[in-house]
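Q: My structure file run13.cif, mmCIF, C-alpha atoms, is below:
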```cif
data_work
loop_
_atom_site.label_atom_id
_atom_site.label_comp_id
_atom_site.auth_asym_id
_atom_site.auth_seq_id
_atom_site.Cartn_x
_atom_site.Cartn_y
_atom_site.Cartn_z
CA MET T 987 -16.51 -9.95 31.89
CA THR T 988 -18.99 -12.78 32.04
CA ASP T 989 -18.30 -13.78 28.42
CA PRO T 990 -17.31 -17.44 28.93
CA ALA T 991 -14.74 -17.18 26.11
CA ALA T 992 -12.96 -14.50 28.07
CA ALA T 993 -13.19 -15.91 31.58
CA PRO T 994 -9.78 -16.20 33.25
CA THR T 995 -8.54 -19.81 33.27
CA ALA T 996 -5.96 -21.65 35.33
CA ASP T 997 -3.74 -21.86 32.25
CA ASP T 998 -3.51 -18.08 31.86
CA ARG T 999 0.00 -16.81 32.43
CA PHE T 1000 -1.24 -13.33 33.38
CA ALA T 1001 -4.07 -12.28 35.68
CA PRO T 1002 -6.08 -9.06 35.40
CA GLY T 1003 -4.01 -6.25 36.91
CA ALA T 1004 -0.66 -7.90 36.14
CA ARG T 1005 2.11 -5.56 35.03
CA VAL T 1006 3.56 -6.77 31.74
CA ARG T 1007 6.14 -5.72 29.21
CA THR T 1008 5.80 -6.34 25.47
CA PHE T 1009 8.57 -7.97 23.52
CA ARG T 1010 11.07 -5.71 21.82
CA HIS T 1011 11.66 -8.13 18.99
CA ASP T 1012 11.10 -6.90 15.43
CA PRO T 1013 10.03 -10.08 13.64
CA PRO T 1014 10.70 -10.59 9.92
CA HIS T 1015 7.13 -11.81 9.37
CA HIS T 1016 3.46 -10.99 9.98
CA THR T 1017 2.68 -9.97 13.56
CA ARG T 1018 -0.13 -8.25 15.46
CA LEU T 1019 2.12 -6.42 17.91
CA PRO T 1020 2.40 -2.92 16.39
CA ARG T 1021 5.84 -1.35 16.49
CA TYR T 1022 4.64 1.56 18.62
CA ALA T 1023 3.84 -0.91 21.42
CA ARG T 1024 7.06 -2.94 21.35
CA GLY T 1025 9.18 -3.01 24.51
CA LYS T 1026 6.49 -1.08 26.42
CA ARG T 1027 5.04 -1.49 29.89
CA GLY T 1028 1.31 -1.98 30.39
CA THR T 1029 -1.34 -3.52 32.62
CA VAL T 1030 -3.47 -6.54 31.81
CA VAL T 1031 -7.16 -5.60 31.78
CA GLU T 1032 -8.53 -9.10 31.23
CA PRO T 1033 -8.25 -12.14 28.98
CA GLU T 1034 -10.05 -11.85 25.64
CA GLY T 1035 -10.27 -15.55 24.81
CA PRO T 1036 -7.79 -17.85 23.08
CA ALA T 1037 -7.02 -17.86 19.35
CA ALA T 1038 -4.41 -19.20 16.93
CA LEU T 1039 -1.23 -17.12 17.05
CA ALA T 1040 -1.46 -14.80 14.04
CA ASP T 1041 2.30 -14.82 13.38
CA VAL T 1042 2.22 -18.57 12.67
CA ASN T 1043 -1.31 -18.74 11.27
CA ALA T 1044 -0.21 -16.37 8.48
CA ARG T 1045 1.85 -19.25 7.04
CA GLY T 1046 -1.42 -21.05 6.31
CA ARG T 1047 -0.26 -24.46 7.48
CA GLY T 1048 -2.91 -24.94 10.14
CA ASP T 1049 -0.33 -25.63 12.86
CA ALA T 1050 -0.46 -22.35 14.75
CA PRO T 1051 -0.46 -22.67 18.56
CA VAL T 1052 -3.61 -21.45 20.29
CA GLU T 1053 -2.82 -18.89 22.98
CA GLN T 1054 -4.73 -16.67 25.35
CA ILE T 1055 -5.12 -13.08 24.16
CA TYR T 1056 -5.12 -10.27 26.74
CA ALA T 1057 -6.47 -6.75 26.58
CA VAL T 1058 -3.50 -4.68 27.79
CA ARG T 1059 -3.79 -1.03 28.79
CA PHE T 1060 -0.92 1.40 28.14
CA ALA T 1061 -0.51 4.98 29.30
CA ALA T 1062 0.18 7.37 26.40
CA ARG T 1063 3.17 8.68 28.35
CA ASP T 1064 4.70 5.18 28.30
CA LEU T 1065 4.10 4.82 24.56
CA TRP T 1066 4.94 8.29 23.31
CA GLY T 1067 6.62 10.12 26.18
CA GLU T 1068 3.64 12.47 26.44
CA GLY T 1069 -0.14 12.56 26.38
CA ASP T 1070 -2.82 11.90 28.98
CA HIS T 1071 -4.88 9.22 27.18
CA HIS T 1072 -4.65 5.43 27.28
CA VAL T 1073 -4.41 2.85 24.51
CA VAL T 1074 -5.70 -0.71 24.86
CA LEU T 1075 -4.32 -3.44 22.59
CA ASP T 1076 -5.31 -7.11 22.33
CA LEU T 1077 -2.08 -9.09 22.55
CA TRP T 1078 -1.26 -12.78 22.31
CA GLU T 1079 0.39 -14.29 25.39
CA SER T 1080 3.75 -14.82 23.69
CA TYR T 1081 4.01 -11.06 22.97
CA LEU T 1082 4.17 -10.45 26.73
CA GLU T 1083 6.53 -11.03 29.62
CA GLU T 1084 6.23 -10.23 33.30
CA ASP T 1085 7.38 -6.77 34.24
CA SER T 1086 9.06 -7.33 37.58
CA ASP T 1087 9.46 -4.37 39.90
CA ASP T 1088 13.25 -4.60 40.10
CA GLU T 1089 13.55 -3.94 36.36
CA ARG T 1090 12.06 -0.50 36.81
CA MET X 1498 -8.39 7.54 -1.31
CA THR X 1499 -10.84 6.43 -3.94
CA SER X 1500 -9.94 4.88 -7.24
CA GLY X 1501 -9.27 7.45 -9.93
CA ASP X 1502 -7.77 9.63 -7.21
CA PRO X 1503 -4.96 11.78 -8.65
CA ALA X 1504 -2.83 10.66 -5.69
CA GLY X 1505 -2.53 7.22 -7.14
CA GLY X 1506 -5.57 5.00 -7.74
CA HIS X 1507 -6.10 3.50 -11.14
CA SER X 1508 -9.12 4.21 -13.30
CA ASP X 1509 -12.39 2.56 -12.40
CA ALA X 1510 -12.77 1.04 -15.86
CA SER X 1511 -9.38 -0.63 -15.72
CA ILE X 1512 -9.71 -2.13 -12.23
CA SER X 1513 -13.32 -3.05 -12.88
CA ARG X 1514 -12.21 -5.09 -15.94
CA LYS X 1515 -9.48 -6.82 -13.94
CA VAL X 1516 -11.83 -7.79 -11.13
CA ARG X 1517 -14.33 -9.22 -13.64
CA ARG X 1518 -11.51 -11.20 -15.23
CA LEU X 1519 -10.50 -12.65 -11.85
CA GLU X 1520 -14.08 -13.57 -11.03
CA THR X 1521 -14.57 -15.24 -14.43
CA LEU X 1522 -11.32 -17.16 -14.09
CA LEU X 1523 -12.28 -18.43 -10.63
CA GLU X 1524 -15.68 -19.47 -11.99
CA GLU X 1525 -14.07 -21.28 -14.95
CA LYS X 1526 -11.88 -23.16 -12.49
CA GLY X 1527 -14.90 -24.10 -10.39
CA VAL X 1528 -13.46 -22.32 -7.35
CA LEU X 1529 -16.38 -19.89 -7.30
CA THR X 1530 -19.83 -19.61 -8.72
CA GLY X 1531 -21.52 -16.26 -9.26
CA THR X 1532 -24.48 -17.17 -7.08
CA GLN X 1533 -22.22 -18.48 -4.33
CA LEU X 1534 -20.44 -15.15 -4.27
CA ASP X 1535 -23.66 -13.15 -4.06
CA GLU X 1536 -25.32 -15.42 -1.52
CA ALA X 1537 -22.25 -15.48 0.71
CA LEU X 1538 -21.99 -11.69 0.56
CA ASP X 1539 -25.69 -11.25 1.36
CA ALA X 1540 -25.41 -13.68 4.27
CA PHE X 1541 -22.25 -12.04 5.56
CA LEU X 1542 -23.73 -8.56 5.56
CA ALA X 1543 -27.31 -9.54 6.46
CA GLY X 1544 -28.64 -7.00 8.91
CA ALA X 1545 -25.22 -5.34 9.20
CA SER X 1546 -25.60 -1.56 9.19
CA PRO X 1547 -25.15 1.39 11.55
CA ALA X 1548 -28.93 1.15 12.17
CA SER X 1549 -28.34 -2.23 13.85
CA GLY X 1550 -25.74 -0.71 16.18
CA ALA X 1551 -28.17 2.15 16.88
CA ARG X 1552 -30.88 -0.35 17.83
CA VAL X 1553 -28.50 -2.08 20.23
CA VAL X 1554 -27.66 1.27 21.84
CA ALA X 1555 -31.31 2.32 22.17
CA ARG X 1556 -32.14 -0.99 23.86
CA ALA X 1557 -29.23 -0.51 26.29
CA TRP X 1558 -30.48 3.00 27.15
CA THR X 1559 -33.98 1.76 27.91
CA ASP X 1560 -33.34 -1.67 29.46
CA ALA X 1561 -30.85 -1.76 32.34
CA GLY X 1562 -30.67 -5.56 32.30
CA PHE X 1563 -29.78 -5.59 28.61
CA ARG X 1564 -27.20 -2.85 29.19
CA SER X 1565 -25.41 -4.96 31.84
CA ARG X 1566 -25.48 -8.03 29.61
CA LEU X 1567 -24.19 -5.98 26.66
CA LEU X 1568 -21.24 -4.64 28.63
CA ALA X 1569 -20.49 -8.07 30.13
CA ASP X 1570 -20.71 -10.08 26.90
CA GLY X 1571 -21.38 -8.05 23.76
CA THR X 1572 -21.50 -11.04 21.39
CA ALA X 1573 -24.23 -12.83 23.35
CA ALA X 1574 -26.24 -9.67 24.02
CA VAL X 1575 -26.46 -8.58 20.36
CA ARG X 1576 -27.51 -12.13 19.45
CA GLU X 1577 -30.59 -11.58 21.62
CA LEU X 1578 -31.56 -8.98 18.99
CA GLY X 1579 -30.65 -11.30 16.11
CA TYR X 1580 -27.28 -9.76 15.20
CA MET X 1581 -23.89 -11.36 14.51
CA GLU X 1582 -25.23 -14.90 14.41
CA GLY X 1583 -22.40 -17.28 13.59
CA ALA X 1584 -19.75 -14.54 13.77
CA GLU X 1585 -16.21 -15.76 14.36
CA GLN X 1586 -15.15 -12.66 16.21
CA ARG X 1587 -16.14 -11.40 19.64
CA LEU X 1588 -17.85 -8.08 20.17
CA ARG X 1589 -16.91 -5.92 23.10
CA VAL X 1590 -18.95 -2.84 23.88
CA VAL X 1591 -17.19 -0.03 25.75
CA GLU X 1592 -19.27 2.55 27.57
CA ASN X 1593 -18.77 6.32 27.61
CA THR X 1594 -19.48 8.03 30.93
CA ALA X 1595 -19.47 11.61 32.20
CA SER X 1596 -15.70 11.42 32.66
CA THR X 1597 -14.51 8.83 30.12
CA HIS X 1598 -14.58 8.63 26.33
CA ASN X 1599 -13.76 5.65 24.11
CA VAL X 1600 -12.67 5.62 20.48
CA ILE X 1601 -12.00 2.64 18.20
CA VAL X 1602 -9.26 2.10 15.60
CA CYS X 1603 -7.27 -0.64 13.90
CA THR X 1604 -3.75 0.68 13.30
CA LEU X 1605 -2.51 -2.48 11.53
CA CYS X 1606 -5.31 -2.90 9.00
CA SER X 1607 -9.00 -2.06 9.26
CA CYS X 1608 -10.64 -4.40 11.82
CA TYR X 1609 -14.17 -3.21 12.48
CA PRO X 1610 -17.43 -4.81 13.69
CA LEU X 1611 -18.47 -5.48 10.06
CA ARG X 1612 -20.96 -8.17 11.04
CA LEU X 1613 -22.90 -5.66 13.11
CA LEU X 1614 -22.26 -2.26 11.48
CA GLY X 1615 -21.51 -3.17 7.85
CA PRO X 1616 -18.39 -1.98 6.00
CA SER X 1617 -16.51 0.85 7.72
CA PRO X 1618 -16.35 4.46 6.48
CA SER X 1619 -13.39 5.40 4.27
CA TRP X 1620 -11.83 7.62 6.93
CA TYR X 1621 -11.65 4.65 9.32
CA LYS X 1622 -9.42 2.85 6.80
CA SER X 1623 -7.28 5.92 6.05
CA GLU X 1624 -3.62 6.12 7.06
CA ALA X 1625 -4.30 9.57 8.54
CA TYR X 1626 -6.84 8.24 11.06
CA ARG X 1627 -4.99 4.99 11.80
CA SER X 1628 -1.62 6.65 12.35
CA ARG X 1629 -2.79 9.60 14.44
CA VAL X 1630 -5.67 8.60 16.70
CA VAL X 1631 -3.45 6.46 18.96
CA ARG X 1632 -0.92 9.29 19.22
CA GLU X 1633 -3.07 12.44 19.42
CA PRO X 1634 -6.73 11.46 19.88
CA ARG X 1635 -7.82 14.94 21.00
CA ALA X 1636 -6.49 16.56 17.83
CA VAL X 1637 -8.10 13.89 15.64
CA LEU X 1638 -11.45 14.16 17.44
CA GLU X 1639 -11.37 17.92 16.93
CA GLU X 1640 -11.10 17.30 13.19
CA PHE X 1641 -14.44 15.49 13.55
CA GLY X 1642 -15.80 18.57 15.35
CA LEU X 1643 -15.61 16.92 18.76
CA ARG X 1644 -13.91 18.93 21.50
CA LEU X 1645 -13.82 17.02 24.78
CA PRO X 1646 -13.18 18.64 28.18
CA GLU X 1647 -9.53 18.49 29.28
CA THR X 1648 -10.63 16.37 32.24
CA THR X 1649 -12.18 13.61 30.08
CA ASP X 1650 -10.11 10.43 30.20
CA ILE X 1651 -9.78 9.08 26.65
CA THR X 1652 -9.17 5.41 25.90
CA VAL X 1653 -8.26 4.38 22.35
CA TRP X 1654 -9.00 0.72 21.58
CA ASP X 1655 -6.63 -0.59 18.89
CA SER X 1656 -8.34 -3.75 17.53
CA SER X 1657 -5.21 -5.84 17.12
CA ALA X 1658 -6.63 -9.37 17.54
CA GLU X 1659 -9.98 -11.21 17.44
CA THR X 1660 -12.18 -8.82 19.40
CA ARG X 1661 -14.21 -6.15 17.62
CA TYR X 1662 -15.25 -3.00 19.46
CA MET X 1663 -18.27 -0.74 19.54
CA VAL X 1664 -18.84 2.33 21.71
CA LEU X 1665 -21.97 2.71 23.84
CA PRO X 1666 -22.49 6.48 23.67
CA ARG X 1667 -24.13 8.50 26.46
CA ARG X 1668 -27.83 9.08 26.11
CA PRO X 1669 -28.51 12.71 25.15
CA GLU X 1670 -30.14 15.01 27.69
CA GLY X 1671 -33.86 15.62 27.38
CA THR X 1672 -34.75 12.32 25.72
CA GLN X 1673 -36.68 10.77 28.63
CA GLY X 1674 -39.97 10.75 26.76
CA LEU X 1675 -38.68 9.10 23.59
CA ALA X 1676 -39.55 5.58 22.48
CA GLU X 1677 -36.82 3.06 21.65
CA GLU X 1678 -37.12 3.60 17.88
CA GLU X 1679 -36.95 7.37 18.31
CA LEU X 1680 -33.83 6.99 20.43
CA ALA X 1681 -32.23 4.69 17.83
CA ALA X 1682 -32.76 7.39 15.19
CA LEU X 1683 -30.50 9.73 17.21
CA VAL X 1684 -27.50 7.38 17.14
CA THR X 1685 -24.92 8.07 14.43
CA ARG X 1686 -22.25 5.74 13.06
CA ASN X 1687 -19.50 8.08 14.28
CA ALA X 1688 -20.93 7.88 17.81
CA LEU X 1689 -20.65 4.07 17.62
CA ILE X 1690 -16.95 4.41 16.71
CA GLY X 1691 -16.29 7.21 19.19
CA THR X 1692 -15.57 10.08 16.79
CA ALA X 1693 -18.80 11.81 17.86
CA VAL X 1694 -20.97 12.20 20.94
CA LEU X 1695 -24.73 12.68 20.90
CA MET H 1374 11.80 -2.31 10.49
CA ALA H 1375 8.05 -2.61 10.49
CA ARG H 1376 5.85 -3.18 7.50
CA ILE H 1377 4.10 -0.36 5.67
CA ASN H 1378 0.69 -1.24 7.15
CA ASP H 1379 2.01 -0.67 10.69
CA VAL H 1380 1.27 3.06 10.75
CA GLY H 1381 0.30 3.71 14.41
CA GLY H 1382 2.18 6.84 15.47
CA THR H 1383 3.67 7.55 12.04
CA GLN H 1384 3.73 11.27 11.30
CA GLY H 1385 2.95 13.05 8.05
CA PHE H 1386 -0.33 11.61 6.83
CA GLY H 1387 -2.07 14.94 7.40
CA PRO H 1388 -5.60 15.71 8.55
CA VAL H 1389 -8.36 13.09 8.45
CA ASP H 1390 -10.86 13.45 5.61
CA THR H 1391 -13.90 13.01 7.83
CA THR H 1392 -16.46 12.77 5.00
CA ASP H 1393 -19.17 10.39 6.18
CA ASP H 1394 -19.62 8.14 3.15
CA THR H 1395 -22.72 6.10 3.87
CA GLU H 1396 -22.50 3.75 0.89
CA PRO H 1397 -20.63 0.58 1.90
CA PHE H 1398 -18.92 0.37 -1.50
CA HIS H 1399 -18.09 3.17 -3.94
CA ALA H 1400 -18.20 1.09 -7.10
CA ASP H 1401 -19.54 -2.29 -8.10
CA TRP H 1402 -16.00 -3.68 -8.49
CA GLU H 1403 -15.27 -2.93 -4.82
CA ALA H 1404 -18.28 -5.03 -3.80
CA ARG H 1405 -17.11 -7.79 -6.19
CA VAL H 1406 -13.61 -7.79 -4.65
CA PHE H 1407 -15.16 -7.96 -1.19
CA GLY H 1408 -17.48 -10.76 -2.36
CA ILE H 1409 -14.65 -12.82 -3.90
CA TRP H 1410 -12.55 -12.33 -0.75
CA ASN H 1411 -15.46 -13.32 1.49
CA ALA H 1412 -16.35 -16.45 -0.50
CA LEU H 1413 -12.74 -17.70 -0.69
CA ARG H 1414 -12.16 -17.02 3.00
CA ALA H 1415 -15.40 -18.78 3.97
CA GLN H 1416 -14.36 -21.80 1.86
CA GLY H 1417 -11.00 -21.93 3.61
CA VAL H 1418 -8.94 -21.15 0.49
CA PHE H 1419 -6.96 -18.88 2.79
CA ASN H 1420 -7.21 -17.58 6.36
CA LEU H 1421 -7.41 -13.96 7.44
CA ASP H 1422 -3.82 -13.82 8.67
CA GLU H 1423 -2.50 -15.10 5.34
CA PHE H 1424 -4.49 -12.45 3.55
CA ARG H 1425 -3.27 -9.67 5.88
CA ASP H 1426 0.29 -10.96 5.49
CA THR H 1427 -0.03 -10.65 1.71
CA VAL H 1428 -1.42 -7.10 1.84
CA GLU H 1429 1.34 -6.05 4.23
CA SER H 1430 4.04 -7.55 2.03
CA MET H 1431 3.28 -5.18 -0.84
CA PRO H 1432 6.13 -2.82 -1.69
CA PRO H 1433 5.52 0.35 0.40
CA THR H 1434 5.34 2.61 -2.64
CA GLU H 1435 2.67 0.40 -4.21
CA TYR H 1436 0.75 0.14 -0.92
CA LEU H 1437 0.56 3.92 -0.56
CA ALA H 1438 -0.27 4.50 -4.25
CA THR H 1439 -3.27 2.17 -4.35
CA SER H 1440 -6.79 2.48 -2.98
CA TYR H 1441 -8.04 0.19 -0.22
CA TYR H 1442 -9.84 -2.33 -2.42
CA GLU H 1443 -7.15 -2.18 -5.11
CA ARG H 1444 -4.80 -3.53 -2.42
CA TRP H 1445 -7.29 -6.28 -1.74
CA TYR H 1446 -7.44 -7.16 -5.44
CA LEU H 1447 -3.64 -7.23 -5.75
CA ALA H 1448 -3.30 -9.30 -2.58
CA LEU H 1449 -5.96 -11.77 -3.76
CA VAL H 1450 -4.10 -12.30 -7.03
CA ALA H 1451 -0.73 -12.68 -5.29
CA LEU H 1452 -2.15 -15.12 -2.72
CA LEU H 1453 -4.03 -17.21 -5.28
CA GLU H 1454 -0.89 -17.44 -7.42
CA ARG H 1455 1.22 -18.44 -4.44
CA LYS H 1456 -1.27 -21.16 -3.57
CA GLY H 1457 -1.39 -22.41 -7.15
CA VAL H 1458 -5.11 -21.65 -7.55
CA ILE H 1459 -4.25 -19.53 -10.57
CA ALA H 1460 -1.06 -19.61 -12.61
CA PRO H 1461 1.21 -16.57 -12.88
CA GLY H 1462 0.23 -14.64 -15.98
CA GLU H 1463 -3.12 -16.35 -16.26
CA LEU H 1464 -4.92 -13.08 -15.61
CA ASP H 1465 -2.99 -11.11 -18.21
CA GLU H 1466 -5.15 -9.62 -20.91
CA PRO H 1467 -4.04 -10.26 -24.49
CA GLY H 1468 -1.63 -7.52 -25.48
CA GLY H 1469 -1.82 -5.76 -22.13
CA ALA H 1470 -0.53 -5.78 -18.61
CA ARG H 1471 -2.52 -7.25 -15.74
#
```
Let me see the file written as structure tokens.

A:
Amino acid sequence: MTDPAAAPTADDRFAPGARVRTFRHDPPHHTRLPRYARGKRGTVVEPEGPAALADVNARGRGDAPVEQIYAVRFAARDLWGEGDHHVVLDLWESYLEEDSDDER
Amino acid sequence: MTSGDPAGGHSDASISRKVRRLETLLEEKGVLTGTQLDEALDAFLAGASPASGARVVARAWTDAGFRSRLLADGTAAVRELGYMEGAEQRLRVVENTASTHNVIVCTLCSCYPLRLLGPSPSWYKSEAYRSRVVREPRAVLEEFGLRLPETTDITVWDSSAETRYMVLPRRPEGTQGLAEEELAALVTRNALIGTAVL
Amino acid sequence: MARINDVGGTQGFGPVDTTDDTEPFHADWEARVFGIWNALRAQGVFNLDEFRDTVESMPPTEYLATSYYERWYLALVALLERKGVIAPGELDEPGGAR
């Protein structure tokens, strides 16, 4: 992408191609990590540009942290146990953790 | 589901009265004025319709430089044509090829490139579409009359944050002689969402 | 537990009604709800995440029994009451429910 908003920056925790795992946590508040994609392994496509974290912004206090959002690609088999398609979600940085090889 | 639907909606007259009451109350409180509401709505939806998306697609089919800019930075490229000025959200255009197909959804609510394409169709907002297209896209696409080859790699884009998506469909065969406006007339809204091909 | 709006992968909603409705709104009141929502959002009375949060917090039975823009109307009222823009009960019609 040449969109300047989405150019990788030195502050990004994840680079394109990084293997990540989404958080398993089921938060008792607004979130933009759908339940079908919780605790799942995927691959970072690219950064999408930073924005206020929706989970905190939903409280309307104007104090939400601004985080990088990443397009993350998941294989249907990893989401549903079957299927040959892929699903891409746009996920805030704090929804993601590194998926190290030795966990697999 | 539309209002008055036996499955649950309330009658049009009843909800219509309630909405008028809310609008009047907000006007009485000085929070809103009638003209402000209309002007803001006109400004928000100015130029937003499937025809705008079709024009973007036709330009991409006929101008290779525009096509590269559109795929690299959708927001900036559609601004060249006067669309989505001042939009808060980014636009990302995803391209169908001979072996790949893209389809757009928002499973959590109804995110859609409103500022370019106008309000979304009812089916896009339905629980049936939102729940199933991420799980069984081939079956859902067949309900739209679209049967893709088994070998086509399908990507479903679930608009879960600040980016809005539009599909760049493949240019139909046998359209070499057509002018840009004639090409735009071939592009349907469903093709821009990925529930149809041309 | 996820909220009722979080339907990705949920089974049982049946086939998609693929009718291609070309009109952006099906009744004038839907356009008015959209217009009120748009004006209040543009003025910063609430942000998009607060609005989504309010829609999602509807009781599941009510969420599934209401049309798309009815949900928007109900969420607008709930959010405006919570923010003190309108008082609870202020919208009630004389002798009738809201």

Q: Between atom CA of Pro1646 of chain X and atom CA of Arg1629 of chain X, what distance in Å does the model show, to one decimal?

A: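 Result for atom CA of Pro1646 of chain X versus atom CA of Arg1629 of chain X: 19.5 Å, one decimal.
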
Q: Every residue with an atom at most 6 Å from (5.3, -5.3, 25.1) (file coordinates; all atoms listed in the file) is what I'm after, so could you write them as a PyMOL selection string?

A: chain T and resi 1007-1009+1023-1026+1082

Q: Would you mind listing, for every residue of chain H within 6 Å of chain T, the two atoms forming the shortest contact and the distance between them in Å to one decimal, using all atoms listed in the file, sorted by chain and ascending residue number, as a tab-separated table?

A:
```
residue	atom	partner	partner_atom	distance
H:Asp1422	CA	T:Ala1044	CA	4.4
H:Glu1423	CA	T:Ala1044	CA	4.1
H:Asp1426	CA	T:His1016	CA	5.5
```

Q: Taking 6 positions as the minimum chain separation for residues in the same chain, which residues sit within 8 Å of segment 1390-1399 of chain H when counting all atoms listed in the file? Answer as a ChimeraX atom specification.

A: /X:1499,1615-1620,1640-1641

Q: Counting all atoms listed in the file, what is within 12 Å of Trp1402 of chain H, bar same-chain residues fewer than 2 positions away, as a VMD selection string?

A: (chain X and resid 1500 1508 to 1520) or (chain H and resid 1398 to 1400 1404 to 1409 1442 to 1443 1445 to 1446)

Q: Report as a ChimeraX atom specification the full result of the PyMOL selection byres ((chain T) within 7 of (chain X)) when it is applied to this structure.

A: /T:987-989,1018,1020,1071-1077

Q: Counting all atoms listed in the file, figure out which residue out of X:Ala1537, X:Leu1578, X:Leu1638, X:Leu1522 gets nearest to Trp1410 of chain H.

A: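 When distances to Trp1410 of chain H are compared using all atoms listed in the file, the smallest one comes from X:Ala1537.
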
Q: I'd like to see the residues matched by the PyMOL selection byres ((chain H) within 6 of (chain X)) on this file, and ideally I'd get them as a list in words.

A: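 Matching residues under the PyMOL selection byres ((chain H) within 6 of (chain X)) are Asn1378, Asp1379, Val1380, Gly1381, Gly1382, Thr1383, Phe1386, Gly1387, Val1389, Thr1391, Asp1394, Pro1397, Trp1402, Gly1408, Ala1412, Ala1438, Thr1439 and Ser1440 of chain H.
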
Q: Next, write the just-selected residues to a file, as an mmCIF file, keeping the file's coordinate frame, keeping C-alpha atoms as the atom set.

A:
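Now in again_20.cif:
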```
data_model
loop_
_atom_site.group_PDB
_atom_site.id
_atom_site.type_symbol
_atom_site.label_atom_id
_atom_site.label_comp_id
_atom_site.auth_asym_id
_atom_site.auth_seq_id
_atom_site.Cartn_x
_atom_site.Cartn_y
_atom_site.Cartn_z
ATOM 1 C CA ASN H 1378 0.690 -1.240 7.150
ATOM 2 C CA ASP H 1379 2.010 -0.670 10.690
ATOM 3 C CA VAL H 1380 1.270 3.060 10.750
ATOM 4 C CA GLY H 1381 0.300 3.710 14.410
ATOM 5 C CA GLY H 1382 2.180 6.840 15.470
ATOM 6 C CA THR H 1383 3.670 7.550 12.040
ATOM 7 C CA PHE H 1386 -0.330 11.610 6.830
ATOM 8 C CA GLY H 1387 -2.070 14.940 7.400
ATOM 9 C CA VAL H 1389 -8.360 13.090 8.450
ATOM 10 C CA THR H 1391 -13.900 13.010 7.830
ATOM 11 C CA ASP H 1394 -19.620 8.140 3.150
ATOM 12 C CA PRO H 1397 -20.630 0.580 1.900
ATOM 13 C CA TRP H 1402 -16.000 -3.680 -8.490
ATOM 14 C CA GLY H 1408 -17.480 -10.760 -2.360
ATOM 15 C CA ALA H 1412 -16.350 -16.450 -0.500
ATOM 16 C CA ALA H 1438 -0.270 4.500 -4.250
ATOM 17 C CA THR H 1439 -3.270 2.170 -4.350
ATOM 18 C CA SER H 1440 -6.790 2.480 -2.980
#
```

Q: Could you check the closest approach to Asp1465 of chain H for each of H:Asp1401, H:Val1450, H:Ser1430, H:Gly1385 and tell me which residue wins, using all atoms listed in the file?

A: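 Ranked by minimum distance to Asp1465 of chain H, first place goes to H:Val1450.
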
Q: In Å, rounded to a single decimal, give me how far atom CA of Val1428 of chain H is from atom CA of Glu1463 of chain H.

A: 20.4 Å

Q: With 3 Å added on each side, what axis-aligned box encloses every listed atom of segment 1416-1425 of chain H? Give the centre and edge lengths in Å to one decimal, as lines of an AutoDock Vina configuration file.

A:
```
center_x = -8.4
center_y = -15.8
center_z = 4.6
size_x = 17.9
size_y = 18.3
size_z = 14.2
```

Q: Could you write out as a ChimeraX atom specification the residues that the PyMOL selection byres ((chain X and resi 1552) around 9) matches in the shown file?

A: /X:1547-1551,1553-1557,1578,1677-1678,1680-1682,1684

Q: Export C-alpha atoms of the chosen residues as a short mmCIF file (atom, residue, chain, number, x, y, z; two decimals), keeping the file's coordinate frame?

A:
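The resulting file, part-v4.cif, is shown below:
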```cif
data_model
loop_
_atom_site.label_atom_id
_atom_site.label_comp_id
_atom_site.auth_asym_id
_atom_site.auth_seq_id
_atom_site.Cartn_x
_atom_site.Cartn_y
_atom_site.Cartn_z
CA PRO X 1547 -25.15 1.39 11.55
CA ALA X 1548 -28.93 1.15 12.17
CA SER X 1549 -28.34 -2.23 13.85
CA GLY X 1550 -25.74 -0.71 16.18
CA ALA X 1551 -28.17 2.15 16.88
CA VAL X 1553 -28.50 -2.08 20.23
CA VAL X 1554 -27.66 1.27 21.84
CA ALA X 1555 -31.31 2.32 22.17
CA ARG X 1556 -32.14 -0.99 23.86
CA ALA X 1557 -29.23 -0.51 26.29
CA LEU X 1578 -31.56 -8.98 18.99
CA GLU X 1677 -36.82 3.06 21.65
CA GLU X 1678 -37.12 3.60 17.88
CA LEU X 1680 -33.83 6.99 20.43
CA ALA X 1681 -32.23 4.69 17.83
CA ALA X 1682 -32.76 7.39 15.19
CA VAL X 1684 -27.50 7.38 17.14
#
```

Q: Calculate how many Å separate atom CA of Thr995 of chain T from atom CA of Ser1080 of chain T, rounding to one decimal.

A: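 Between atom CA of Thr995 of chain T and atom CA of Ser1080 of chain T the gap is 16.4 Å.
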
Q: Between X:Arg1661, X:Phe1563, X:Val1575, X:Leu1542, which has the minimum distance to Pro1610 of chain X (counting all atoms listed in the file)?

A: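 Among the listed residues, the smallest separation from Pro1610 of chain X belongs to X:Arg1661.
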
Q: Which is closest to Arg1027 of chain T among T:Gln1054, T:Ala992, T:Ser1086, T:Asp998, if we use only C-alpha atoms?

A: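 Result for the nearest residue to Arg1027 of chain T: T:Ser1086.
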